[in-house]
Amino acid sequence: MSSLSDSFRKLADQIDQAEANVKAASSQDKAELQAKVNTAREHADERSAQLRAKAEDASDRARSGWDEVQDDWNSHVQRLRQKIDAKKAQYDRDEAENDAENAEADAADAIDFAAAAIEEAQYAVLDATLARENADAVAATA
């Protein structure tokens, strides 16, 4: 379970780094900002590729399309609640171990998904900041 805690901690660190990058963007010149946008895009693309590869390995856990995420989550929550209600009886040790491994795998997948979403959000904010700087520069020369 500690590896899940470590993964979740890494996710928090990733959020902190993304926030620092976004805050720093407003004080950077265009070349620095463009480099940050390019790096953020590369990281977002890498994370997306990792998730696509993982989805191929576990096709029933991942589906294409961001609009399906909420439906998948709601179904997942409903299944978990049904399992909790149904698991009043004692399971044997092997079945309990299997359930724990499945729950840990689901948690790891959720962390990976959140990390990819953070990468995409960082890229979008940095790209928007660059677009605003470009628009301001064009307006200043007009």
# chains A, B, ... in the order shown; residues from 1 in each chain; ligands from 1

$ residues_around --residues "Ala131 of chain A" --least-positions-apart "3" --cutoff "12 Å" --atoms "only C-alpha atoms" --output "PyMOL selection string"
chain A and resi 25-26+30+33-34+37+124-128+134-138

$ write_last_selection --atoms "N, CA and C atoms" --output "short mmCIF file (atom, residue, chain, number, x, y, z; two decimals), in the first residue's frame"
data_model
loop_
_atom_site.label_atom_id
_atom_site.label_comp_id
_atom_site.auth_asym_id
_atom_site.auth_seq_id
_atom_site.Cartn_x
_atom_site.Cartn_y
_atom_site.Cartn_z
N ALA A 25 5.23 31.65 -15.40
CA ALA A 25 5.01 31.97 -16.81
C ALA A 25 4.72 33.46 -17.03
N SER A 26 4.04 34.09 -16.09
CA SER A 26 3.66 35.49 -16.28
C SER A 26 4.85 36.44 -16.25
N LYS A 30 9.08 35.86 -23.95
CA LYS A 30 8.39 35.00 -24.91
C LYS A 30 9.17 33.72 -25.21
N LEU A 33 8.90 31.36 -22.25
CA LEU A 33 7.53 30.85 -22.18
C LEU A 33 7.28 29.82 -23.28
N GLN A 34 7.78 30.09 -24.48
CA GLN A 34 7.61 29.13 -25.58
C GLN A 34 8.31 27.82 -25.24
N VAL A 37 6.11 26.01 -22.81
CA VAL A 37 4.95 25.45 -23.50
C VAL A 37 5.35 24.17 -24.24
N ALA A 124 -2.35 23.46 -21.14
CA ALA A 124 -3.40 24.37 -21.59
C ALA A 124 -3.22 25.77 -21.01
N VAL A 125 -2.88 25.86 -19.72
CA VAL A 125 -2.69 27.17 -19.09
C VAL A 125 -1.47 27.88 -19.67
N LEU A 126 -0.36 27.15 -19.84
CA LEU A 126 0.83 27.76 -20.42
C LEU A 126 0.58 28.22 -21.86
N ASP A 127 -0.11 27.40 -22.64
CA ASP A 127 -0.42 27.77 -24.01
C ASP A 127 -1.33 28.99 -24.06
N ALA A 128 -2.29 29.06 -23.16
CA ALA A 128 -3.19 30.22 -23.10
C ALA A 128 -2.42 31.48 -22.71
N ASN A 134 0.97 36.87 -27.09
CA ASN A 134 0.99 37.13 -28.54
C ASN A 134 -0.09 38.14 -28.91
N ALA A 135 -1.29 37.99 -28.36
CA ALA A 135 -2.37 38.91 -28.67
C ALA A 135 -2.05 40.31 -28.18
N ASP A 136 -1.47 40.42 -26.98
CA ASP A 136 -1.09 41.73 -26.44
C ASP A 136 -0.01 42.38 -27.30
N ALA A 137 0.95 41.57 -27.78
CA ALA A 137 2.02 42.10 -28.62
C ALA A 137 1.47 42.62 -29.95
N VAL A 138 0.53 41.88 -30.55
CA VAL A 138 -0.09 42.30 -31.80
C VAL A 138 -0.89 43.57 -31.58
#

$ residues_around --residues "segment 13-16 of chain A" --least-positions-apart "2" --cutoff "10 Å" --atoms "only C-alpha atoms" --output "PyMOL selection string"
chain A and resi 7-11+18-22+114-115+118-119+122

$ atom_distance --atom1 "atom CA of Arg52 of chain A" --atom2 "atom CA of Gln82 of chain A"
28.9 Å

$ decode --residues "segment 28-39 of chain A" --atoms "N, CA, C and O atoms" --output "compact mmCIF listing (two decimals), in the first residue's frame"
# COMPACT_ATOMS: atom_id res chain seq x y z
N GLN A 28 7.98 35.53 -17.47
CA GLN A 28 8.99 35.06 -18.40
C GLN A 28 8.85 35.76 -19.75
O GLN A 28 7.75 36.14 -20.14
N ASP A 29 10.00 35.89 -20.44
CA ASP A 29 9.92 36.47 -21.79
C ASP A 29 9.36 35.42 -22.74
O ASP A 29 9.18 34.26 -22.39
N LYS A 30 9.08 35.86 -23.95
CA LYS A 30 8.39 35.00 -24.91
C LYS A 30 9.17 33.72 -25.21
O LYS A 30 8.59 32.64 -25.29
N ALA A 31 10.49 33.82 -25.35
CA ALA A 31 11.29 32.62 -25.67
C ALA A 31 11.25 31.61 -24.52
O ALA A 31 11.11 30.41 -24.75
N GLU A 32 11.37 32.11 -23.28
CA GLU A 32 11.29 31.21 -22.12
C GLU A 32 9.92 30.56 -22.03
O GLU A 32 9.80 29.36 -21.76
N LEU A 33 8.90 31.36 -22.25
CA LEU A 33 7.53 30.85 -22.18
C LEU A 33 7.28 29.82 -23.28
O LEU A 33 6.68 28.77 -23.03
N GLN A 34 7.78 30.09 -24.48
CA GLN A 34 7.61 29.13 -25.58
C GLN A 34 8.31 27.82 -25.24
O GLN A 34 7.77 26.73 -25.51
N ALA A 35 9.49 27.89 -24.64
CA ALA A 35 10.21 26.68 -24.24
C ALA A 35 9.39 25.91 -23.20
O ALA A 35 9.30 24.68 -23.26
N LYS A 36 8.79 26.62 -22.23
CA LYS A 36 7.95 25.97 -21.21
C LYS A 36 6.74 25.31 -21.86
O LYS A 36 6.35 24.20 -21.49
N VAL A 37 6.11 26.01 -22.81
CA VAL A 37 4.95 25.45 -23.50
C VAL A 37 5.35 24.17 -24.24
O VAL A 37 4.66 23.15 -24.16
N ASN A 38 6.49 24.22 -24.92
CA ASN A 38 6.96 23.04 -25.66
C ASN A 38 7.24 21.88 -24.72
O ASN A 38 6.87 20.74 -25.00
N THR A 39 7.89 22.16 -23.59
CA THR A 39 8.20 21.12 -22.61
C THR A 39 6.92 20.54 -22.01
O THR A 39 6.78 19.33 -21.88
